[in-house]
Amino acid sequence: MSGMTEETILQGCLQNNANAQRELYNRYSPKMLAVCYRFAHSREDAEDMLQEGFIKVFTQIHTFRSQGAFEGWIRRIIVHTCINHLKKNKRFNESVDLIHATSLQVREDSVPSIVQAKQISECIRLLPIGYRTVLNLYAIEGYNHKEIAGMLDIEESTSRSQYTRAKQMLEDILIRKKILQRPVKKFPFLSAFGQ
């Protein structure tokens, strides 16, 4: 890791300085690859999303206004890139438009915490792509259902029902894999993931 400050990196990138761009990529790509991996079908997909996302970061860096964290700004671009990548996928569009849930039994707060993040991540990857995407956006990335609805071109109620179904399905998977025991108590799920 070089001793370049975030400000130096930012200024360098604004001037299309290759060293600054390399430094920015090296500093943030491991975390951002983890973000992509949660949305992607495969490691190759995740790497494609990452590359595409960083191209956007470099071409849009002049729009960063130093309000809020630079890493948060990069992460938003990466997440939006992942979503756009998924929206080109026919299976994703079919999955997201799935049945609007009616009379769902909501088991609120029923997604795990005392589990290793890696185990949970692998189980999340077993969810249908639409469920997985809404769960990632809401529970991990912190978007609200209104924002998710806008990003995915779905109704807010669809986002809510997809999230509820995703949590139920994830809970069932975790129980089936004996990562989680019944009865499930409250668990603040995302502490397991970190950022």
# chains A, B, ... in the order shown; residues from 1 in each chain; ligands from 1
$ residues_around --residues "Ala46 in chain A" --least-positions-apart "6" --cutoff "8 Å" --atoms "only C-alpha atoms" --output "list of chain:residue names"
A:Leu33, A:Cys36, A:Tyr37, A:Phe39, A:Ala40
$ residues_around --residues "Arg27 in chain A" --least-positions-apart "5" --cutoff "12 Å" --atoms "only C-alpha atoms" --output "ChimeraX atom specification"
/A:1-6,9,20-22,32-33,54,70-71,74
$ write_last_selection --atoms "C-alpha atoms" --output "CSV table (one decimal), in the first residue's frame"
chain,number,residue,atom,x,y,z
A,1,MET,CA,0.0,0.0,0.0
A,2,SER,CA,1.5,3.3,-1.0
A,3,GLY,CA,1.5,6.3,1.2
A,4,MET,CA,-0.8,8.3,-1.1
A,5,THR,CA,-3.7,9.9,0.7
A,6,GLU,CA,-7.2,9.7,-0.5
A,9,ILE,CA,-5.5,9.8,-5.2
A,20,ALA,CA,-3.4,7.4,-8.9
A,21,GLN,CA,-5.9,5.3,-10.8
A,22,ARG,CA,-3.9,2.1,-10.1
A,32,MET,CA,-15.8,-3.9,-4.1
A,33,LEU,CA,-15.2,-7.4,-5.5
A,54,PHE,CA,-14.4,0.9,-11.9
A,70,PHE,CA,-15.3,8.5,-1.0
A,71,GLU,CA,-15.6,4.7,-0.4
A,74,ILE,CA,-17.5,4.2,-5.1
$ residues_around --residues "Gly142 in chain A" --least-positions-apart "6" --cutoff "12 Å" --atoms "only C-alpha atoms" --output "list of chain:residue names"
A:Gly72, A:Arg75, A:Arg76, A:Val79, A:Val134, A:Leu135, A:Asn136, A:Ile148, A:Leu190, A:Gln195
$ write_last_selection --atoms "N, CA and C atoms" --output "PDB file, in the first residue's frame"
ATOM      1  N   GLY A  72     -17.904   5.179   0.102  1.00  0.00           N
ATOM      2  CA  GLY A  72     -19.358   5.032  -0.036  1.00  0.00           C
ATOM      3  C   GLY A  72     -19.823   5.416  -1.430  1.00  0.00           C
ATOM      4  N   ARG A  75     -18.843   2.655  -3.739  1.00  0.00           N
ATOM      5  CA  ARG A  75     -19.715   1.499  -3.489  1.00  0.00           C
ATOM      6  C   ARG A  75     -21.069   1.674  -4.171  1.00  0.00           C
ATOM      7  N   ARG A  76     -21.628   2.887  -4.116  1.00  0.00           N
ATOM      8  CA  ARG A  76     -22.921   3.143  -4.782  1.00  0.00           C
ATOM      9  C   ARG A  76     -22.810   2.905  -6.284  1.00  0.00           C
ATOM     10  N   VAL A  79     -22.627  -0.881  -6.840  1.00  0.00           N
ATOM     11  CA  VAL A  79     -23.934  -1.525  -6.647  1.00  0.00           C
ATOM     12  C   VAL A  79     -24.833  -1.259  -7.852  1.00  0.00           C
ATOM     13  N   VAL A 134     -32.732  -8.381  -3.863  1.00  0.00           N
ATOM     14  CA  VAL A 134     -33.468  -7.512  -2.926  1.00  0.00           C
ATOM     15  C   VAL A 134     -32.877  -7.643  -1.519  1.00  0.00           C
ATOM     16  N   LEU A 135     -32.564  -8.868  -1.108  1.00  0.00           N
ATOM     17  CA  LEU A 135     -31.967  -9.080   0.218  1.00  0.00           C
ATOM     18  C   LEU A 135     -30.638  -8.324   0.325  1.00  0.00           C
ATOM     19  N   ASN A 136     -29.798  -8.445  -0.688  1.00  0.00           N
ATOM     20  CA  ASN A 136     -28.514  -7.732  -0.682  1.00  0.00           C
ATOM     21  C   ASN A 136     -28.709  -6.227  -0.597  1.00  0.00           C
ATOM     22  N   ILE A 148     -35.135   0.597  -3.744  1.00  0.00           N
ATOM     23  CA  ILE A 148     -34.951  -0.679  -4.448  1.00  0.00           C
ATOM     24  C   ILE A 148     -35.957  -0.793  -5.589  1.00  0.00           C
ATOM     25  N   LEU A 190     -26.919  -8.388   9.889  1.00  0.00           N
ATOM     26  CA  LEU A 190     -25.814  -7.911   9.079  1.00  0.00           C
ATOM     27  C   LEU A 190     -24.525  -7.677   9.792  1.00  0.00           C
ATOM     28  N   GLN A 195     -18.506  -4.627   6.326  1.00  0.00           N
ATOM     29  CA  GLN A 195     -18.750  -3.776   5.140  1.00  0.00           C
ATOM     30  C   GLN A 195     -18.067  -4.340   3.937  1.00  0.00           C
TER      31      GLN A 195
END
$ closest_residue --among "A:Pro30, A:Arg165, A:Thr158, A:Ile173" --to "Glu122 in chain A" --atoms "only C-alpha atoms"
A:Ile173
$ closest_residue --among "A:Tyr143, A:Arg43, A:Leu14, A:Tyr138" --to "Phe58 in chain A" --atoms "only C-alpha atoms"
A:Leu14
$ closest_residue --among "A:Leu86, A:Ala18, A:Met49, A:Ile120" --to "Leu180 in chain A" --atoms "only C-alpha atoms"
A:Ile120
